[in-house]
Each structure stands twice: as C-alpha cells, then as structure tokens.
>>> print(open('target-v1.txt').read())   # compact mmCIF, C-alpha atoms
# COMPACT_ATOMS: atom_id res chain seq x y z
CA MET H 276 -27.50 19.38 -70.16
CA ASN H 277 -24.16 20.30 -68.69
CA HIS H 278 -25.11 18.32 -65.68
CA LYS H 279 -25.80 15.21 -67.80
CA ARG H 280 -22.55 15.71 -69.65
CA PHE H 281 -20.64 16.03 -66.40
CA LEU H 282 -22.25 12.81 -65.07
CA SER H 283 -21.41 10.89 -68.25
CA LEU H 284 -17.78 12.09 -68.06
CA LEU H 285 -17.65 11.07 -64.43
CA LEU H 286 -19.12 7.67 -65.29
CA CYS H 287 -16.52 7.19 -68.09
CA ALA H 288 -13.74 8.13 -65.69
CA ALA H 289 -15.02 5.63 -63.11
CA LEU H 290 -15.21 2.90 -65.78
CA ALA H 291 -11.68 3.71 -66.95
CA LEU H 292 -10.39 3.57 -63.38
CA SER H 293 -12.12 0.26 -62.70
CA LEU H 294 -10.70 -1.18 -65.93
CA LEU H 295 -7.23 0.01 -64.98
CA ALA H 296 -7.61 -1.38 -61.48
CA GLY H 297 -8.84 -4.70 -62.93
CA CYS H 298 -5.88 -4.93 -65.32
CA GLY H 299 -3.48 -4.08 -62.53
CA GLY H 300 -4.99 -6.78 -60.29
CA THR H 301 -4.83 -9.38 -63.01
CA SER H 302 -1.31 -8.37 -63.88
CA SER H 303 -0.29 -8.46 -60.25
CA GLY H 304 -1.93 -11.90 -59.84
CA SER H 305 -0.19 -13.31 -62.91
CA ASP H 306 3.11 -11.84 -61.77
CA SER H 307 2.79 -13.54 -58.43
CA LYS H 308 1.71 -16.76 -60.18
CA ASP H 309 4.73 -16.55 -62.53
CA SER H 310 7.11 -15.81 -59.68
CA SER H 311 5.69 -18.62 -57.54
CA SER H 312 6.01 -21.11 -60.44
CA ALA H 313 9.57 -19.89 -61.08
CA SER H 314 10.53 -20.32 -57.44
CA SER H 315 8.82 -23.72 -57.42
CA ALA H 316 10.84 -24.79 -60.49
CA ALA H 317 14.03 -23.47 -58.89
CA SER H 318 13.36 -25.37 -55.69
CA GLU H 319 12.77 -28.57 -57.68
CA SER H 320 16.16 -28.25 -59.41
CA ILE H 321 18.09 -27.67 -56.18
CA PRO H 322 18.10 -30.64 -53.78
CA SER H 323 16.81 -29.74 -50.35
CA SER H 324 19.50 -31.81 -48.67
CA THR H 325 22.79 -33.47 -49.52
CA THR H 326 21.14 -36.88 -49.33
CA GLU H 327 19.07 -36.03 -52.42
CA ALA H 328 22.06 -34.87 -54.47
CA SER H 329 23.15 -37.28 -57.18
CA THR H 330 26.85 -38.19 -57.08
CA SER H 331 26.72 -40.70 -59.91
CA GLY H 332 28.70 -38.48 -62.29
CA LEU H 333 31.56 -37.62 -59.96
CA ARG H 334 33.79 -40.57 -60.93
CA PRO H 335 32.27 -41.99 -64.10
CA ASN H 336 35.34 -44.09 -65.03
CA PHE H 337 35.98 -45.59 -61.59
CA ASP H 338 36.40 -49.35 -61.69
CA GLU H 339 36.55 -51.18 -58.38
CA ASN H 340 38.53 -54.00 -60.00
CA ALA H 341 41.20 -51.52 -61.13
CA LEU H 342 42.35 -51.28 -57.52
CA PHE H 343 43.69 -54.82 -57.78
CA SER H 344 44.86 -54.79 -61.39
CA ILE H 345 48.51 -55.68 -61.94
CA SER H 346 50.44 -54.33 -64.90
CA GLY H 347 53.91 -54.72 -66.39
CA THR H 348 54.35 -58.42 -65.60
CA GLU H 349 56.20 -59.40 -68.76
CA ASP H 350 58.57 -56.45 -68.60
CA ALA H 351 59.31 -57.09 -64.93
CA PHE H 352 60.26 -60.74 -65.51
CA ALA H 353 62.13 -60.20 -68.80
CA PRO H 354 65.56 -59.79 -67.08
CA CYS H 355 64.93 -63.05 -65.18
CA LEU H 356 65.15 -65.23 -68.30
CA GLY H 357 67.99 -66.67 -70.37
CA TRP H 358 70.57 -67.17 -67.69
CA GLY H 359 71.21 -69.16 -64.53
CA PRO H 360 73.94 -70.08 -62.04
CA GLY H 361 77.33 -70.55 -63.65
CA VAL H 362 76.45 -68.48 -66.75
CA SER H 363 78.92 -65.70 -67.51
CA GLY H 364 77.75 -62.45 -65.89
CA CYS H 365 75.04 -64.16 -63.85
CA SER H 366 75.85 -62.14 -60.71
CA LEU H 367 75.17 -58.90 -62.60
CA LYS H 368 72.10 -60.34 -64.34
CA SER H 369 70.77 -61.35 -60.94
CA VAL H 370 71.13 -57.78 -59.65
CA ILE H 371 69.27 -56.42 -62.69
CA ALA H 372 66.50 -59.02 -62.31
CA ALA H 373 66.18 -58.32 -58.58
CA ALA H 374 65.94 -54.56 -59.20
CA SER H 375 63.28 -55.18 -61.86
CA LEU H 376 61.11 -57.34 -59.58
CA LEU H 377 61.52 -54.93 -56.66
CA GLN H 378 60.35 -52.06 -58.85
CA TRP H 379 57.42 -54.11 -60.16
CA ALA H 380 56.32 -54.98 -56.61
CA GLU H 381 56.49 -51.31 -55.62
CA ASP H 382 54.76 -49.96 -58.74
CA ASN H 383 51.83 -52.32 -58.22
CA GLN H 384 51.72 -51.90 -54.42
CA PHE H 385 51.60 -55.64 -53.84
CA SER H 386 51.10 -55.33 -50.09
CA ILE H 387 47.50 -54.19 -50.69
CA HIS H 388 46.75 -56.89 -53.28
CA PRO H 389 45.19 -60.21 -52.40
CA GLY H 390 47.66 -63.05 -52.95
CA ASP H 391 45.39 -64.48 -55.66
CA ALA H 392 45.89 -61.41 -57.85
CA ILE H 393 49.69 -61.70 -57.64
CA GLU H 394 49.47 -65.45 -58.31
CA ASP H 395 47.29 -64.86 -61.37
CA ALA H 396 49.74 -62.29 -62.77
CA TYR H 397 52.69 -64.65 -62.22
CA ASN H 398 50.90 -67.75 -63.56
CA GLY H 399 49.75 -65.89 -66.66
CA TRP H 400 53.39 -65.04 -67.41
CA TYR H 401 54.90 -68.37 -66.35
CA ASP H 402 52.41 -70.59 -68.18
CA ALA H 403 53.31 -68.95 -71.50
CA LEU H 404 57.04 -69.79 -71.13
CA SER H 405 58.85 -72.55 -72.94
CA ASP H 406 60.11 -75.46 -70.83
CA THR H 407 63.67 -74.12 -71.17
CA ASP H 408 62.66 -70.67 -69.87
CA LYS H 409 60.69 -72.23 -67.01
CA GLU H 410 63.77 -74.21 -65.96
CA SER H 411 66.12 -71.23 -66.28
CA PHE H 412 63.82 -69.07 -64.13
CA ALA H 413 63.57 -71.82 -61.50
CA GLU H 414 67.38 -71.92 -61.32
CA ALA H 415 67.74 -68.13 -61.29
CA TRP H 416 65.04 -67.42 -58.68
CA PRO H 417 67.16 -68.22 -55.57
CA LEU H 418 69.89 -65.80 -56.78
CA ILE H 419 67.35 -63.09 -57.61
CA ARG H 420 65.61 -63.48 -54.23
CA GLU H 421 68.92 -63.28 -52.37
CA ASP H 422 69.98 -60.10 -54.19
CA ALA H 423 66.58 -58.44 -53.72
CA ASN H 424 66.70 -59.15 -49.97
CA ALA H 425 70.28 -57.85 -49.78
CA MET H 426 69.20 -54.61 -51.47
CA LEU H 427 66.49 -54.19 -48.84
CA THR H 428 68.63 -55.06 -45.81
CA ASP H 429 72.25 -54.22 -46.70
CA ILE H 430 72.47 -52.07 -49.81
CA SER H 431 76.06 -51.03 -49.00
CA SER H 432 77.25 -54.60 -49.58
CA MET H 433 75.72 -54.45 -53.08
CA THR H 434 76.94 -51.06 -54.34
CA ASP H 435 79.83 -52.40 -56.44
CA ARG H 436 77.70 -55.04 -58.15
CA ILE H 437 74.90 -52.53 -58.67
CA ALA H 438 77.31 -50.09 -60.34
CA ASP H 439 78.85 -52.89 -62.45
CA ALA H 440 75.33 -53.81 -63.60
CA GLY H 441 74.87 -50.24 -64.82
CA LEU H 442 72.30 -49.29 -62.19
CA ASP H 443 72.26 -46.38 -59.75
CA ALA H 444 72.53 -47.55 -56.14
CA SER H 445 70.82 -44.35 -54.93
CA ASP H 446 67.65 -45.42 -56.76
CA LEU H 447 67.59 -48.89 -55.18
CA PRO H 448 65.93 -50.81 -53.72
CA GLY H 449 63.01 -48.55 -54.67
CA CYS H 450 60.60 -50.88 -52.86
CA SER H 451 59.09 -51.26 -49.40
CA ASP H 452 59.68 -54.44 -47.39
CA SER H 453 55.95 -55.18 -47.38
CA ASN H 454 55.55 -54.92 -51.16
CA TRP H 455 58.56 -57.16 -51.77
CA LYS H 456 57.46 -59.68 -49.14
CA ALA H 457 54.03 -59.97 -50.78
CA LEU H 458 55.70 -60.89 -54.08
CA GLN H 459 58.40 -63.10 -52.58
CA ASP H 460 55.87 -65.14 -50.60
CA VAL H 461 53.92 -65.91 -53.78
CA LEU H 462 57.03 -66.77 -55.82
CA ASP H 463 58.52 -68.94 -53.07
CA GLU H 464 55.33 -70.96 -53.13
CA LEU H 465 54.89 -71.16 -56.91
CA VAL H 466 58.37 -71.33 -58.45
CA PRO H 467 59.24 -75.00 -58.86
CA GLU H 468 62.59 -76.30 -57.71
CA ALA H 469 65.14 -76.43 -60.49
CA GLN H 470 65.40 -79.90 -62.02
CA GLY H 471 69.06 -79.74 -62.99
CA GLU H 472 72.00 -77.64 -64.04
CA TYR H 473 71.25 -74.69 -66.32
>>> encode(input="target-v1.txt", output="structure tokens")
Amino acid sequence: MNHKRFLSLLLCAALALSLLAGCGGTSSGSDSKDSSSASSAASESIPSSTTEASTSGLRPNFDENALFSISGTEDAFAPCLGWGPGVSGCSLKSVIAAASLLQWAEDNQFSIHPGDAIEDAYNGWYDALSDTDKESFAEAWPLIREDANAMLTDISSMTDRIADAGLDASDLPGCSDSNWKALQDVLDELVPEAQGEY
C-alpha cells in the first residue's frame, strides 16, 4: 500500500514537472516570438539606409519661386517721383533717390535674379504711374544713375551732398557693383527718354 502511494506521489510529481516544463517552454517561445516581432517592428520604423529616409518635412515652407521674388519696389522708387532737373533741391533729392535704389538692389540681391524678374518688378510699378509721374521719373533717372554710380566709385566726392540730404555717408553706398549693375542695366533699357522739360 505504501508502495502504491509512493508511486502515485512520484507520478503526480512527474506530471507537475512536465506541466511546469511545458509552461516554461510555451512562455519562452512566446517571449521569443514577442521579442522578434518587437525587433521586427523597430527595424521597420528605422530606415536601413539614408536613401530610404524621408526628407519631405525638413523644409515644409520652402518655395523655389521665393528665391527670385522681389519686394519693396514701391518704397524704393518713392523718392524718385515728384521732382526733376531744375526743381529746387533736386541735387539732394537725387542723392536720396540713388541711395534708395542702391539699397533696394542690395536687399533683393539683383545680381542673382534673372533680368526678367527685375523688369517685371519695375514694369509693375511704372505701369501704375500717372503720365506726369512717368515723365518726371524719365527726367530724373539720368541724375539718379549718375549719383548712384558716384557713390559706388567716388564716395568722397559725394560726402557733402550726402550729409546735406540727411544721410550717413558711412552707410553708403550699401550696395555691391554687381547688384547695382543688374538694376541699372534694366532701367537703362526700359526708362523712356524724357519728352520735355519737367
């Protein structure tokens, strides 16, 4: 009887061990399955090379046309209107207008713009002018161009006029030769010759 009892206890112990071993194996298998699926998911979220990485969100607001956009046209040309040769104070007004156009050319980096973009900016401004303003600008342009070129090549000859105009000679010309030349070339081609006395 004791022998039968001992065998049944031994059999129960063997069953318990096999159940525990089975649970451990299943648990171990599911752990490895879980870890392999986790590593698989992680590898899917990380690109295997830089060629797979998406860069679409790096510069979401970048506009290729913005490179050639020109701003501040009206403000730049405002000092160029309402006066001409022979008008009282025209030599000082010419200095102010030249400084304004030089700054505009520099701010917009005209040397890297296609000529068409500069032409479009100028034409948009010019076409909206009255006939009187168109004529006054045509008469003033040679004076403005001369003063702008003098600021670029011989600023010392301009210091008195610059000071009298209320500008700071140390801030002028404030423009590179190439940026000014890009603007001057367009204006020389588009500004009509003055028709008469201002």
>>> residues_around(input="target-v1.txt", residues="region 369-384 of chain H", least_positions_apart="6", cutoff="10 Å", atoms="all atoms listed in the file", output="NGL selection string")
:H and (342-348 or 350-356 or 358-360 or 393 or 415-427 or 433 or 436-442 or 446-459)
>>> write_last_selection(input="target-v1.txt", atoms="C-alpha atoms", output="short mmCIF file (atom, residue, chain, number, x, y, z; two decimals), in the frame of the given file")
data_model
loop_
_atom_site.label_atom_id
_atom_site.label_comp_id
_atom_site.auth_asym_id
_atom_site.auth_seq_id
_atom_site.Cartn_x
_atom_site.Cartn_y
_atom_site.Cartn_z
CA LEU H 342 42.35 -51.28 -57.52
CA PHE H 343 43.69 -54.82 -57.78
CA SER H 344 44.86 -54.79 -61.39
CA ILE H 345 48.51 -55.68 -61.94
CA SER H 346 50.44 -54.33 -64.90
CA GLY H 347 53.91 -54.72 -66.39
CA THR H 348 54.35 -58.42 -65.60
CA ASP H 350 58.57 -56.45 -68.60
CA ALA H 351 59.31 -57.09 -64.93
CA PHE H 352 60.26 -60.74 -65.51
CA ALA H 353 62.13 -60.20 -68.80
CA PRO H 354 65.56 -59.79 -67.08
CA CYS H 355 64.93 -63.05 -65.18
CA LEU H 356 65.15 -65.23 -68.30
CA TRP H 358 70.57 -67.17 -67.69
CA GLY H 359 71.21 -69.16 -64.53
CA PRO H 360 73.94 -70.08 -62.04
CA ILE H 393 49.69 -61.70 -57.64
CA ALA H 415 67.74 -68.13 -61.29
CA TRP H 416 65.04 -67.42 -58.68
CA PRO H 417 67.16 -68.22 -55.57
CA LEU H 418 69.89 -65.80 -56.78
CA ILE H 419 67.35 -63.09 -57.61
CA ARG H 420 65.61 -63.48 -54.23
CA GLU H 421 68.92 -63.28 -52.37
CA ASP H 422 69.98 -60.10 -54.19
CA ALA H 423 66.58 -58.44 -53.72
CA ASN H 424 66.70 -59.15 -49.97
CA ALA H 425 70.28 -57.85 -49.78
CA MET H 426 69.20 -54.61 -51.47
CA LEU H 427 66.49 -54.19 -48.84
CA MET H 433 75.72 -54.45 -53.08
CA ARG H 436 77.70 -55.04 -58.15
CA ILE H 437 74.90 -52.53 -58.67
CA ALA H 438 77.31 -50.09 -60.34
CA ASP H 439 78.85 -52.89 -62.45
CA ALA H 440 75.33 -53.81 -63.60
CA GLY H 441 74.87 -50.24 -64.82
CA LEU H 442 72.30 -49.29 -62.19
CA ASP H 446 67.65 -45.42 -56.76
CA LEU H 447 67.59 -48.89 -55.18
CA PRO H 448 65.93 -50.81 -53.72
CA GLY H 449 63.01 -48.55 -54.67
CA CYS H 450 60.60 -50.88 -52.86
CA SER H 451 59.09 -51.26 -49.40
CA ASP H 452 59.68 -54.44 -47.39
CA SER H 453 55.95 -55.18 -47.38
CA ASN H 454 55.55 -54.92 -51.16
CA TRP H 455 58.56 -57.16 -51.77
CA LYS H 456 57.46 -59.68 -49.14
CA ALA H 457 54.03 -59.97 -50.78
CA LEU H 458 55.70 -60.89 -54.08
CA GLN H 459 58.40 -63.10 -52.58
#
>>> residues_around(input="target-v1.txt", residues="region 397-401 of chain H", least_positions_apart="2", cutoff="9 Å", atoms="all atoms listed in the file", output="VMD selection string")
chain H and resid 348 to 349 352 392 to 395 403 to 405 408 to 409 461 to 462 465
>>> atom_distance(input="target-v1.txt", atom1="CA of Ala469 (chain H)", atom2="CA of Ser411 (chain H)")
7.8 Å
>>> atom_distance(input="target-v1.txt", atom1="CA of Gly364 (chain H)", atom2="CA of Phe412 (chain H)")
15.5 Å
>>> atom_distance(input="target-v1.txt", atom1="CA of Ile430 (chain H)", atom2="CA of Ser366 (chain H)")
15.2 Å
>>> closest_residue(input="target-v1.txt", among="H:Ala413, H:Val466, H:Ala396, H:Leu367", to="Thr434 (chain H)", atoms="only C-alpha atoms")
H:Leu367
>>> closest_residue(input="target-v1.txt", among="H:Asp402, H:Asp435, H:Cys365, H:Asp460", to="Pro389 (chain H)", atoms="all atoms listed in the file")
H:Asp460
>>> closest_residue(input="target-v1.txt", among="H:Glu468, H:Val362, H:Asp406, H:Ser445", to="Ser431 (chain H)", atoms="all atoms listed in the file")
H:Ser445
>>> closest_residue(input="target-v1.txt", among="H:Glu414, H:Gly390, H:Ala444, H:Thr407", to="Asp429 (chain H)", atoms="all atoms listed in the file")
H:Ala444
